[in-house]
Each structure stands twice: as C-alpha cells, then as structure tokens.
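Student: Quick one, run-v5.txt (compact mmCIF, N, CA and C atoms):
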```txt
# COMPACT_ATOMS: atom_id res chain seq x y z
N MET W 77 123.65 91.79 110.51
CA MET W 77 123.55 92.44 109.23
C MET W 77 122.07 92.71 108.93
N VAL W 78 121.80 93.92 108.46
CA VAL W 78 120.44 94.31 108.09
C VAL W 78 120.29 94.18 106.58
N THR W 79 119.24 93.52 106.17
CA THR W 79 118.96 93.36 104.74
C THR W 79 117.73 94.17 104.39
N LEU W 80 117.83 94.97 103.35
CA LEU W 80 116.71 95.78 102.90
C LEU W 80 116.13 95.16 101.64
N PHE W 81 114.85 94.90 101.67
CA PHE W 81 114.13 94.30 100.54
C PHE W 81 113.18 95.36 100.01
N VAL W 82 113.49 95.93 98.85
CA VAL W 82 112.70 97.01 98.25
C VAL W 82 112.04 96.50 96.98
N ALA W 83 110.77 96.84 96.81
CA ALA W 83 110.03 96.49 95.59
C ALA W 83 109.35 97.73 95.04
N THR W 84 109.28 97.81 93.73
CA THR W 84 108.59 98.96 93.13
C THR W 84 107.09 98.82 93.25
N ASN W 85 106.58 97.59 93.16
CA ASN W 85 105.15 97.34 93.29
C ASN W 85 104.91 95.86 93.49
N GLU W 86 103.68 95.51 93.77
CA GLU W 86 103.31 94.10 93.91
C GLU W 86 102.13 93.76 93.00
N ASP W 87 102.11 94.39 91.80
CA ASP W 87 101.05 94.10 90.83
C ASP W 87 101.03 92.61 90.51
N THR W 88 99.88 92.01 90.64
CA THR W 88 99.76 90.56 90.42
C THR W 88 99.84 90.18 88.95
N HIS W 89 99.32 91.05 88.08
CA HIS W 89 99.30 90.75 86.66
C HIS W 89 99.25 92.03 85.85
N LEU W 90 99.58 91.91 84.58
CA LEU W 90 99.53 93.04 83.65
C LEU W 90 98.66 92.66 82.48
N PRO W 91 97.59 93.41 82.24
CA PRO W 91 96.70 93.08 81.12
C PRO W 91 97.33 93.45 79.78
N LEU W 92 97.11 92.61 78.81
CA LEU W 92 97.53 92.88 77.43
C LEU W 92 96.27 92.96 76.58
N ALA W 93 96.39 92.87 75.30
CA ALA W 93 95.23 92.96 74.41
C ALA W 93 94.24 91.83 74.68
N GLY W 94 92.97 92.17 74.61
CA GLY W 94 91.93 91.17 74.82
C GLY W 94 91.93 90.65 76.24
N ASP W 95 91.83 89.35 76.40
CA ASP W 95 91.81 88.73 77.72
C ASP W 95 93.18 88.22 78.15
N LEU W 96 94.21 88.55 77.40
CA LEU W 96 95.56 88.06 77.68
C LEU W 96 96.19 88.85 78.83
N VAL W 97 96.76 88.15 79.78
CA VAL W 97 97.48 88.78 80.89
C VAL W 97 98.82 88.07 81.10
N VAL W 98 99.76 88.79 81.66
CA VAL W 98 101.06 88.21 82.00
C VAL W 98 101.32 88.50 83.48
N PRO W 99 102.16 87.68 84.11
CA PRO W 99 102.46 87.94 85.52
C PRO W 99 103.09 89.32 85.70
N GLY W 100 102.72 89.98 86.78
CA GLY W 100 103.28 91.28 87.10
C GLY W 100 104.46 91.16 88.04
N THR W 101 104.98 92.29 88.45
CA THR W 101 106.12 92.32 89.36
C THR W 101 105.84 91.57 90.65
N GLY W 102 104.59 91.56 91.06
CA GLY W 102 104.21 90.87 92.29
C GLY W 102 104.56 89.39 92.28
N ALA W 103 104.57 88.79 91.10
CA ALA W 103 104.94 87.37 91.01
C ALA W 103 106.40 87.17 91.42
N VAL W 104 107.26 88.07 90.99
CA VAL W 104 108.68 87.99 91.35
C VAL W 104 108.87 88.34 92.82
N VAL W 105 108.18 89.39 93.27
CA VAL W 105 108.27 89.79 94.68
C VAL W 105 107.82 88.64 95.58
N GLY W 106 106.72 87.99 95.21
CA GLY W 106 106.23 86.86 95.99
C GLY W 106 107.21 85.70 96.03
N ALA W 107 107.87 85.48 94.91
CA ALA W 107 108.86 84.39 94.85
C ALA W 107 110.05 84.65 95.77
N ILE W 108 110.29 85.91 96.08
CA ILE W 108 111.39 86.26 96.99
C ILE W 108 110.93 86.34 98.43
N LYS W 109 109.77 86.99 98.67
CA LYS W 109 109.36 87.22 100.05
C LYS W 109 108.91 85.96 100.78
N ILE W 110 108.40 84.98 100.07
CA ILE W 110 107.95 83.75 100.73
C ILE W 110 109.15 82.98 101.31
N PRO W 111 110.16 82.65 100.51
CA PRO W 111 111.29 81.93 101.12
C PRO W 111 112.13 82.81 102.06
N ALA W 112 112.18 84.12 101.78
CA ALA W 112 112.97 85.01 102.65
C ALA W 112 112.26 85.30 103.97
N ARG W 113 110.93 85.03 103.98
CA ARG W 113 110.11 85.33 105.16
C ARG W 113 110.27 86.78 105.59
N LYS W 114 110.26 87.66 104.60
CA LYS W 114 110.43 89.09 104.84
C LYS W 114 109.52 89.86 103.88
N GLU W 115 108.86 90.88 104.39
CA GLU W 115 108.01 91.73 103.57
C GLU W 115 108.85 92.84 102.94
N PRO W 116 108.58 93.17 101.69
CA PRO W 116 109.34 94.25 101.06
C PRO W 116 108.86 95.63 101.50
N VAL W 117 109.73 96.61 101.34
CA VAL W 117 109.34 98.00 101.45
C VAL W 117 108.91 98.38 100.03
N VAL W 118 107.62 98.61 99.84
CA VAL W 118 107.09 98.93 98.51
C VAL W 118 107.11 100.44 98.34
N VAL W 119 107.87 100.92 97.36
CA VAL W 119 108.01 102.36 97.16
C VAL W 119 107.13 102.89 96.03
N GLY W 120 106.55 102.00 95.26
CA GLY W 120 105.67 102.42 94.17
C GLY W 120 104.22 102.45 94.61
N LYS W 121 103.34 102.73 93.66
CA LYS W 121 101.91 102.78 93.95
C LYS W 121 101.44 101.46 94.53
N PRO W 122 100.58 101.46 95.50
CA PRO W 122 99.81 102.57 96.06
C PRO W 122 100.49 103.32 97.21
N ASN W 123 101.73 102.97 97.53
CA ASN W 123 102.44 103.66 98.59
C ASN W 123 102.60 105.14 98.23
N SER W 124 102.54 105.99 99.21
CA SER W 124 102.59 107.44 98.95
C SER W 124 104.01 108.00 98.86
N VAL W 125 105.04 107.18 99.03
CA VAL W 125 106.42 107.68 99.04
C VAL W 125 106.75 108.50 97.79
N MET W 126 106.40 107.98 96.63
CA MET W 126 106.70 108.65 95.38
C MET W 126 106.05 110.05 95.32
N PHE W 127 104.76 110.12 95.64
CA PHE W 127 104.08 111.42 95.59
C PHE W 127 104.58 112.35 96.69
N ASP W 128 104.87 111.81 97.87
CA ASP W 128 105.38 112.64 98.96
C ASP W 128 106.67 113.35 98.55
N LEU W 129 107.55 112.64 97.85
CA LEU W 129 108.79 113.25 97.38
C LEU W 129 108.53 114.32 96.34
N LEU W 130 107.64 114.03 95.39
CA LEU W 130 107.29 115.02 94.36
C LEU W 130 106.63 116.25 94.98
N LYS W 131 105.76 116.01 95.93
CA LYS W 131 105.04 117.11 96.60
C LYS W 131 106.03 118.03 97.29
N LYS W 132 106.98 117.45 97.99
CA LYS W 132 107.97 118.24 98.72
C LYS W 132 108.90 118.98 97.76
N GLU W 133 109.41 118.29 96.76
CA GLU W 133 110.37 118.87 95.84
C GLU W 133 109.78 120.00 95.00
N HIS W 134 108.50 119.86 94.62
CA HIS W 134 107.88 120.82 93.71
C HIS W 134 106.77 121.64 94.36
N ASN W 135 106.67 121.54 95.68
CA ASN W 135 105.67 122.29 96.44
C ASN W 135 104.26 122.11 95.85
N LEU W 136 103.89 120.86 95.64
CA LEU W 136 102.60 120.55 95.03
C LEU W 136 101.48 120.56 96.07
N ASP W 137 100.34 121.05 95.65
CA ASP W 137 99.12 121.00 96.46
C ASP W 137 98.30 119.82 95.95
N PRO W 138 98.16 118.75 96.75
CA PRO W 138 97.43 117.56 96.28
C PRO W 138 96.03 117.86 95.78
N SER W 139 95.38 118.86 96.34
CA SER W 139 94.02 119.17 95.92
C SER W 139 93.97 119.74 94.50
N ARG W 140 95.14 120.09 93.96
CA ARG W 140 95.21 120.60 92.59
C ARG W 140 95.85 119.59 91.64
N CYS W 141 95.97 118.36 92.11
CA CYS W 141 96.58 117.29 91.31
C CYS W 141 95.56 116.19 91.02
N MET W 142 95.79 115.50 89.92
CA MET W 142 94.94 114.37 89.58
C MET W 142 95.81 113.21 89.12
N MET W 143 95.55 112.05 89.68
CA MET W 143 96.22 110.83 89.25
C MET W 143 95.34 110.18 88.20
N VAL W 144 95.91 109.89 87.05
CA VAL W 144 95.20 109.19 85.98
C VAL W 144 95.81 107.81 85.88
N GLY W 145 94.98 106.78 85.97
CA GLY W 145 95.51 105.43 85.90
C GLY W 145 94.46 104.41 85.51
N ASP W 146 94.93 103.19 85.26
CA ASP W 146 94.02 102.13 84.83
C ASP W 146 93.88 101.01 85.86
N ARG W 147 94.43 101.21 87.05
CA ARG W 147 94.29 100.20 88.11
C ARG W 147 93.73 100.88 89.36
N SER W 148 92.63 100.36 89.85
CA SER W 148 92.02 100.96 91.03
C SER W 148 92.79 100.65 92.30
N ASP W 149 93.42 99.47 92.35
CA ASP W 149 94.11 99.07 93.58
C ASP W 149 95.48 99.69 93.75
N THR W 150 96.01 100.33 92.71
CA THR W 150 97.31 101.00 92.82
C THR W 150 97.17 102.49 92.52
N ASP W 151 96.83 102.83 91.28
CA ASP W 151 96.76 104.23 90.86
C ASP W 151 95.73 105.02 91.66
N ILE W 152 94.52 104.54 91.69
CA ILE W 152 93.43 105.25 92.35
C ILE W 152 93.61 105.23 93.87
N HIS W 153 94.05 104.10 94.38
CA HIS W 153 94.30 103.99 95.83
C HIS W 153 95.32 105.05 96.27
N MET W 154 96.43 105.18 95.52
CA MET W 154 97.44 106.18 95.87
C MET W 154 96.88 107.59 95.78
N ALA W 155 96.11 107.87 94.74
CA ALA W 155 95.54 109.21 94.59
C ALA W 155 94.70 109.58 95.81
N ASN W 156 93.82 108.68 96.19
CA ASN W 156 92.94 108.95 97.33
C ASN W 156 93.72 109.01 98.64
N LEU W 157 94.73 108.18 98.78
CA LEU W 157 95.58 108.19 99.97
C LEU W 157 96.32 109.52 100.12
N CYS W 158 96.69 110.10 98.99
CA CYS W 158 97.47 111.35 99.00
C CYS W 158 96.62 112.61 98.91
N GLY W 159 95.31 112.46 98.79
CA GLY W 159 94.43 113.63 98.73
C GLY W 159 94.28 114.25 97.36
N MET W 160 94.59 113.47 96.31
CA MET W 160 94.44 113.95 94.94
C MET W 160 93.09 113.52 94.37
N ASP W 161 92.66 114.19 93.31
CA ASP W 161 91.54 113.68 92.53
C ASP W 161 92.04 112.47 91.76
N SER W 162 91.11 111.64 91.30
CA SER W 162 91.51 110.43 90.59
C SER W 162 90.62 110.20 89.38
N LEU W 163 91.25 109.76 88.30
CA LEU W 163 90.54 109.41 87.07
C LEU W 163 90.95 108.01 86.67
N LEU W 164 89.99 107.09 86.68
CA LEU W 164 90.22 105.71 86.28
C LEU W 164 89.89 105.56 84.81
N VAL W 165 90.83 105.02 84.05
CA VAL W 165 90.65 104.79 82.63
C VAL W 165 90.42 103.29 82.43
N PHE W 166 89.38 102.93 81.71
CA PHE W 166 89.04 101.52 81.51
C PHE W 166 89.88 100.90 80.39
N SER W 167 91.18 101.12 80.43
CA SER W 167 92.06 100.54 79.41
C SER W 167 92.87 99.38 79.98
N GLY W 168 92.83 99.19 81.27
CA GLY W 168 93.58 98.10 81.89
C GLY W 168 92.67 96.93 82.17
N ASP W 169 92.73 96.42 83.39
CA ASP W 169 91.91 95.25 83.72
C ASP W 169 90.61 95.64 84.40
N MET W 170 90.27 96.92 84.39
CA MET W 170 89.06 97.40 85.03
C MET W 170 88.02 97.75 83.96
N SER W 171 86.78 97.45 84.25
CA SER W 171 85.67 97.81 83.37
C SER W 171 84.63 98.55 84.20
N TYR W 172 83.66 99.13 83.52
CA TYR W 172 82.59 99.84 84.23
C TYR W 172 81.85 98.87 85.15
N GLU W 173 81.60 97.67 84.68
CA GLU W 173 80.89 96.67 85.49
C GLU W 173 81.69 96.31 86.75
N ARG W 174 83.00 96.12 86.58
CA ARG W 174 83.85 95.80 87.75
C ARG W 174 83.89 96.98 88.71
N LEU W 175 83.89 98.21 88.20
CA LEU W 175 83.86 99.39 89.06
C LEU W 175 82.57 99.42 89.87
N GLN W 176 81.45 99.12 89.23
CA GLN W 176 80.17 99.08 89.96
C GLN W 176 80.21 98.04 91.07
N ASP W 177 80.76 96.88 90.79
CA ASP W 177 80.90 95.83 91.81
C ASP W 177 81.79 96.31 92.95
N LEU W 178 82.87 96.99 92.60
CA LEU W 178 83.79 97.51 93.60
C LEU W 178 83.10 98.55 94.49
N GLN W 179 82.31 99.41 93.88
CA GLN W 179 81.59 100.43 94.65
C GLN W 179 80.61 99.79 95.62
N LYS W 180 79.95 98.74 95.19
CA LYS W 180 78.98 98.06 96.05
C LYS W 180 79.65 97.32 97.21
N SER W 181 80.86 96.81 96.98
CA SER W 181 81.53 96.00 97.99
C SER W 181 82.54 96.78 98.83
N ALA W 182 82.65 98.08 98.63
CA ALA W 182 83.62 98.89 99.37
C ALA W 182 83.13 99.11 100.80
N ASP W 183 83.33 98.10 101.63
CA ASP W 183 82.80 98.13 103.00
C ASP W 183 83.83 98.50 104.05
N THR W 184 85.07 98.77 103.63
CA THR W 184 86.10 99.21 104.58
C THR W 184 86.74 100.48 104.03
N ASP W 185 87.39 101.24 104.92
CA ASP W 185 88.06 102.46 104.48
C ASP W 185 89.12 102.15 103.43
N ASP W 186 89.83 101.02 103.61
CA ASP W 186 90.88 100.65 102.67
C ASP W 186 90.29 100.38 101.28
N LYS W 187 89.17 99.67 101.21
CA LYS W 187 88.53 99.39 99.92
C LYS W 187 87.97 100.66 99.30
N LYS W 188 87.51 101.59 100.12
CA LYS W 188 86.97 102.85 99.60
C LYS W 188 88.05 103.68 98.91
N LEU W 189 89.31 103.48 99.29
CA LEU W 189 90.41 104.20 98.65
C LEU W 189 90.59 103.78 97.20
N ASN W 190 89.99 102.65 96.79
CA ASN W 190 90.09 102.16 95.42
C ASN W 190 89.01 102.72 94.49
N ILE W 191 88.13 103.55 95.03
CA ILE W 191 87.03 104.12 94.24
C ILE W 191 87.46 105.45 93.64
N PRO W 192 87.43 105.59 92.31
CA PRO W 192 87.85 106.85 91.68
C PRO W 192 86.78 107.94 91.80
N LYS W 193 87.24 109.17 91.73
CA LYS W 193 86.29 110.29 91.70
C LYS W 193 85.67 110.39 90.30
N TYR W 194 86.48 110.13 89.28
CA TYR W 194 86.03 110.19 87.89
C TYR W 194 86.48 108.92 87.17
N TYR W 195 85.86 108.64 86.02
CA TYR W 195 86.27 107.50 85.20
C TYR W 195 85.90 107.78 83.75
N CYS W 196 86.61 107.13 82.83
CA CYS W 196 86.32 107.26 81.40
C CYS W 196 86.78 105.99 80.68
N ASP W 197 86.33 105.83 79.45
CA ASP W 197 86.63 104.61 78.69
C ASP W 197 88.08 104.52 78.24
N LYS W 198 88.64 105.63 77.76
CA LYS W 198 90.00 105.59 77.24
C LYS W 198 90.69 106.93 77.50
N LEU W 199 92.02 106.90 77.49
CA LEU W 199 92.79 108.10 77.79
C LEU W 199 92.49 109.22 76.81
N GLY W 200 92.13 108.87 75.58
CA GLY W 200 91.78 109.87 74.58
C GLY W 200 90.59 110.74 74.99
N ASP W 201 89.80 110.27 75.94
CA ASP W 201 88.66 111.05 76.43
C ASP W 201 89.08 112.14 77.41
N LEU W 202 90.35 112.13 77.83
CA LEU W 202 90.81 113.08 78.84
C LEU W 202 90.66 114.53 78.39
N GLY W 203 90.94 114.81 77.13
CA GLY W 203 90.83 116.18 76.62
C GLY W 203 89.43 116.74 76.78
N SER W 204 88.41 115.99 76.39
CA SER W 204 87.04 116.45 76.53
C SER W 204 86.63 116.52 78.01
N PHE W 205 87.20 115.64 78.80
CA PHE W 205 86.94 115.67 80.26
C PHE W 205 87.46 116.99 80.86
N ILE W 206 88.67 117.38 80.48
CA ILE W 206 89.27 118.61 81.01
C ILE W 206 88.48 119.83 80.56
N GLN W 207 87.96 119.81 79.34
CA GLN W 207 87.20 120.94 78.82
C GLN W 207 86.00 121.29 79.70
N GLN W 208 85.47 120.32 80.42
CA GLN W 208 84.33 120.58 81.31
C GLN W 208 84.68 121.56 82.42
N PHE W 209 85.97 121.64 82.74
CA PHE W 209 86.40 122.44 83.89
C PHE W 209 87.02 123.77 83.48
N ILE W 210 87.11 124.03 82.18
CA ILE W 210 87.72 125.28 81.71
C ILE W 210 86.66 126.31 81.42
```
Before anything else, please render the file you have as structure tokens.
Tutor:
Amino acid sequence: MVTLFVATNEDTHLPLAGDLVVPGTGAVVGAIKIPARKEPVVVGKPNSVMFDLLKKEHNLDPSRCMMVGDRSDTDIHMANLCGMDSLLVFSGDMSYERLQDLQKSADTDDKKLNIPKYYCDKLGDLGSFIQQFI
C-alpha cells in the first residue's frame, strides 16, 4: 500500500501582534513526519507547484508577475524560484535589520532565493510603489 503525505506548508510559526507568535503548520507536519519517518509532499510555498498550475492555466509570464509576501523563506523564495519579481512586506516576522543580515549571510544559491527584489514597510505602501512604474 502506498501512503501519500501531503502538506500545504511547513511554516514553523505565525507572527501575531507585537512579539507574540503561535506555532505554524510546520509544528503539526513535524509531529506527523517524525513518527511516520516519511517526508511530506509540500504543495504550498516555497514549492512551485501552485504557481506552475496557475501559469499553465492562465498562460502567465512569470517576468510580468510579482509575489507580495511577508516571509522571505516561503513567499520570496517561491517568487525567485519561479522567475517572478518579489516584494517583501515587513508586516510579518521580517524586519529591515533581519533582511540586511539575510543579505550578508546568503552564501548559497538556496539562501539567495530568500532575498527579495523589492521591500517595503507595510502593504499600504504598495500603491505608491506601483506608481513608480506607471
């Protein structure tokens, strides 16, 4: 018998207001994969499966797409993996200081995929960001 273990993501934590965080889906995935001794097929970010399906269904050109997200290890990683532009919003667990540290320590191709092309403080800044290109 073949058993399929599918996970949407392996996010370790989810940031809330202030310094408060709660366990993410990765905590549940870890609780299953360790005793099962099986790795999940992750279909969510940073895996490209989701974008590959959208690209095919809607004939999207990745060079004309931008992923906007607040996690560099999932949202931005997927964008770079798929050939999209990326905009990191500092509303999640990422800050400008952490981004600078990440840029300095990006010593492998995999870590470089976590570096955004653009960044801003909050999603509300997106409108003024887009105006630069019109």
Student: For W:Ser148, which of W:Val165, W:Leu96, W:Val82, W:Val125 is the closest residue, counting all atoms listed in the file?
Tutor: W:Val165
Student: Nearest to W:Asn85: which of W:Ala107, W:Ile152, W:Val119, W:Ala182 is it, counting all atoms listed in the file?
Tutor: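 Closest residue, counting all atoms listed in the file: W:Val119.
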Student: Between W:Lys188, W:Arg140, W:Lys121, W:Lys180, which has the minimum distance to W:Asp87 (counting all atoms listed in the file)?
Tutor: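 Of W:Lys188, W:Arg140, W:Lys121, W:Lys180, the one nearest W:Asp87 is W:Lys121, counting all atoms listed in the file.
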Student: At a cut-off of 8 Å, using only N, CA and C atoms, what residues contact W:Val118? Leave out same-chain residues fewer than 4 positions from it and give the result as a list in words.
Tutor: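 The residues that qualify are Phe81, Val82, Ala83, Thr84, Asn85, Glu86, Pro122, Asn123, Ser124, Val125 and Met126 of chain W.
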Student: Taking the chain letters and numbering used in this document, name the residues of stretch 135-205 of chain W that DSSP puts in alpha helix (DSSP H), as an NGL selection string.
Tutor: :W and (153-158 or 172-181 or 185-188 or 202-205)
Student: Show me as a ChimeraX atom specification the residues that reach within 6 Å of (93.5, 103.1, 84.0), counting only N, CA and C atoms and using the file's own coordinates.
Tutor: /W:144-147,164-168
Student: Name the closest residue to W:Lys193 among the candidates W:Asp161, W:Asp149, W:Glu173, W:Glu133; distances are taken between atoms, counting only C-alpha atoms.
Tutor: W:Asp161
Student: Using only N, CA and C atoms, determine which residues lie at most 8 Å from W:Leu178, disregarding the query and same-chain residues fewer than 5 positions distant; provide the list as a PDB file with N, CA and C atoms, keeping the file's coordinate frame.
Tutor:
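In the end it all went to out_30.pdb:
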```pdb
ATOM      1  N   TYR W 172      83.660  99.130  83.520  1.00  0.00           N
ATOM      2  CA  TYR W 172      82.590  99.840  84.230  1.00  0.00           C
ATOM      3  C   TYR W 172      81.850  98.870  85.150  1.00  0.00           C
ATOM      4  N   GLU W 173      81.600  97.670  84.680  1.00  0.00           N
ATOM      5  CA  GLU W 173      80.890  96.670  85.490  1.00  0.00           C
ATOM      6  C   GLU W 173      81.690  96.310  86.750  1.00  0.00           C
ATOM      7  N   ASP W 183      83.330  98.100 101.630  1.00  0.00           N
ATOM      8  CA  ASP W 183      82.800  98.130 103.000  1.00  0.00           C
ATOM      9  C   ASP W 183      83.830  98.500 104.050  1.00  0.00           C
ATOM     10  N   LYS W 187      89.170  99.670 101.210  1.00  0.00           N
ATOM     11  CA  LYS W 187      88.530  99.390  99.920  1.00  0.00           C
ATOM     12  C   LYS W 187      87.970 100.660  99.300  1.00  0.00           C
ATOM     13  N   LYS W 188      87.510 101.590 100.120  1.00  0.00           N
ATOM     14  CA  LYS W 188      86.970 102.850  99.600  1.00  0.00           C
ATOM     15  C   LYS W 188      88.050 103.680  98.910  1.00  0.00           C
ATOM     16  N   ASN W 190      89.990 102.650  96.790  1.00  0.00           N
ATOM     17  CA  ASN W 190      90.090 102.160  95.420  1.00  0.00           C
ATOM     18  C   ASN W 190      89.010 102.720  94.490  1.00  0.00           C
ATOM     19  N   ILE W 191      88.130 103.550  95.030  1.00  0.00           N
ATOM     20  CA  ILE W 191      87.030 104.120  94.240  1.00  0.00           C
ATOM     21  C   ILE W 191      87.460 105.450  93.640  1.00  0.00           C
TER      22      ILE W 191
END
```
Student: Among chain W, which ones does DSSP assign to strand (DSSP E) (computed from the backbone)? Answer as an MDAnalysis selection string.
Tutor: chainID W and resid 82:83 89:91 97:99 117:118 142:145 161:165 194:196
Student: Would you output that residue set with N, CA and C atoms, as a CSV table (one decimal), keeping the file's coordinate frame?
Tutor:
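result-v2.csv was written with the following content:
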```
chain,number,residue,atom,x,y,z
W,82,VAL,N,113.5,95.9,98.8
W,82,VAL,CA,112.7,97.0,98.2
W,82,VAL,C,112.0,96.5,97.0
W,83,ALA,N,110.8,96.8,96.8
W,83,ALA,CA,110.0,96.5,95.6
W,83,ALA,C,109.4,97.7,95.0
W,89,HIS,N,99.3,91.0,88.1
W,89,HIS,CA,99.3,90.8,86.7
W,89,HIS,C,99.2,92.0,85.8
W,90,LEU,N,99.6,91.9,84.6
W,90,LEU,CA,99.5,93.0,83.6
W,90,LEU,C,98.7,92.7,82.5
W,91,PRO,N,97.6,93.4,82.2
W,91,PRO,CA,96.7,93.1,81.1
W,91,PRO,C,97.3,93.4,79.8
W,97,VAL,N,96.8,88.2,79.8
W,97,VAL,CA,97.5,88.8,80.9
W,97,VAL,C,98.8,88.1,81.1
W,98,VAL,N,99.8,88.8,81.7
W,98,VAL,CA,101.1,88.2,82.0
W,98,VAL,C,101.3,88.5,83.5
W,99,PRO,N,102.2,87.7,84.1
W,99,PRO,CA,102.5,87.9,85.5
W,99,PRO,C,103.1,89.3,85.7
W,117,VAL,N,109.7,96.6,101.3
W,117,VAL,CA,109.3,98.0,101.4
W,117,VAL,C,108.9,98.4,100.0
W,118,VAL,N,107.6,98.6,99.8
W,118,VAL,CA,107.1,98.9,98.5
W,118,VAL,C,107.1,100.4,98.3
W,142,MET,N,95.8,115.5,89.9
W,142,MET,CA,94.9,114.4,89.6
W,142,MET,C,95.8,113.2,89.1
W,143,MET,N,95.6,112.0,89.7
W,143,MET,CA,96.2,110.8,89.2
W,143,MET,C,95.3,110.2,88.2
W,144,VAL,N,95.9,109.9,87.0
W,144,VAL,CA,95.2,109.2,86.0
W,144,VAL,C,95.8,107.8,85.9
W,145,GLY,N,95.0,106.8,86.0
W,145,GLY,CA,95.5,105.4,85.9
W,145,GLY,C,94.5,104.4,85.5
W,161,ASP,N,92.7,114.2,93.3
W,161,ASP,CA,91.5,113.7,92.5
W,161,ASP,C,92.0,112.5,91.8
W,162,SER,N,91.1,111.6,91.3
W,162,SER,CA,91.5,110.4,90.6
W,162,SER,C,90.6,110.2,89.4
W,163,LEU,N,91.2,109.8,88.3
W,163,LEU,CA,90.5,109.4,87.1
W,163,LEU,C,91.0,108.0,86.7
W,164,LEU,N,90.0,107.1,86.7
W,164,LEU,CA,90.2,105.7,86.3
W,164,LEU,C,89.9,105.6,84.8
W,165,VAL,N,90.8,105.0,84.0
W,165,VAL,CA,90.6,104.8,82.6
W,165,VAL,C,90.4,103.3,82.4
W,194,TYR,N,86.5,110.1,89.3
W,194,TYR,CA,86.0,110.2,87.9
W,194,TYR,C,86.5,108.9,87.2
W,195,TYR,N,85.9,108.6,86.0
W,195,TYR,CA,86.3,107.5,85.2
W,195,TYR,C,85.9,107.8,83.8
W,196,CYS,N,86.6,107.1,82.8
W,196,CYS,CA,86.3,107.3,81.4
W,196,CYS,C,86.8,106.0,80.7
```
Student: Could you please determine the separation between atom C of W:Ile108 and atom N of W:Thr150 in Å, to one decimal place?
Tutor: 21.2 Å
Student: Rounded to one decimal in Å, what is the spacing between atom C of W:Leu130 and atom CA of W:Pro116?
Tutor: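 Taking atom C of W:Leu130 as the start and atom CA of W:Pro116 as the end point, the length is 23.0 Å.
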Student: Just checking: using only C-alpha atoms, which residue out of W:Met170, W:Leu157, W:Met142, W:Val78 ends up closest to W:Asp95?
Tutor: W:Met170
Student: Between W:Met143, W:Leu80, W:Val98, W:Leu90, which has the minimum distance to W:Ala112 (counting only C-alpha atoms)?
Tutor: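 Of the candidates, the smallest distance to W:Ala112 is held by W:Leu80.
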Student: Go ahead and compute the interatomic distance for atom C of W:Gln207 and atom C of W:Lys132, in Å to one decimal.
Tutor: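 A separation of 29.3 Å between them.
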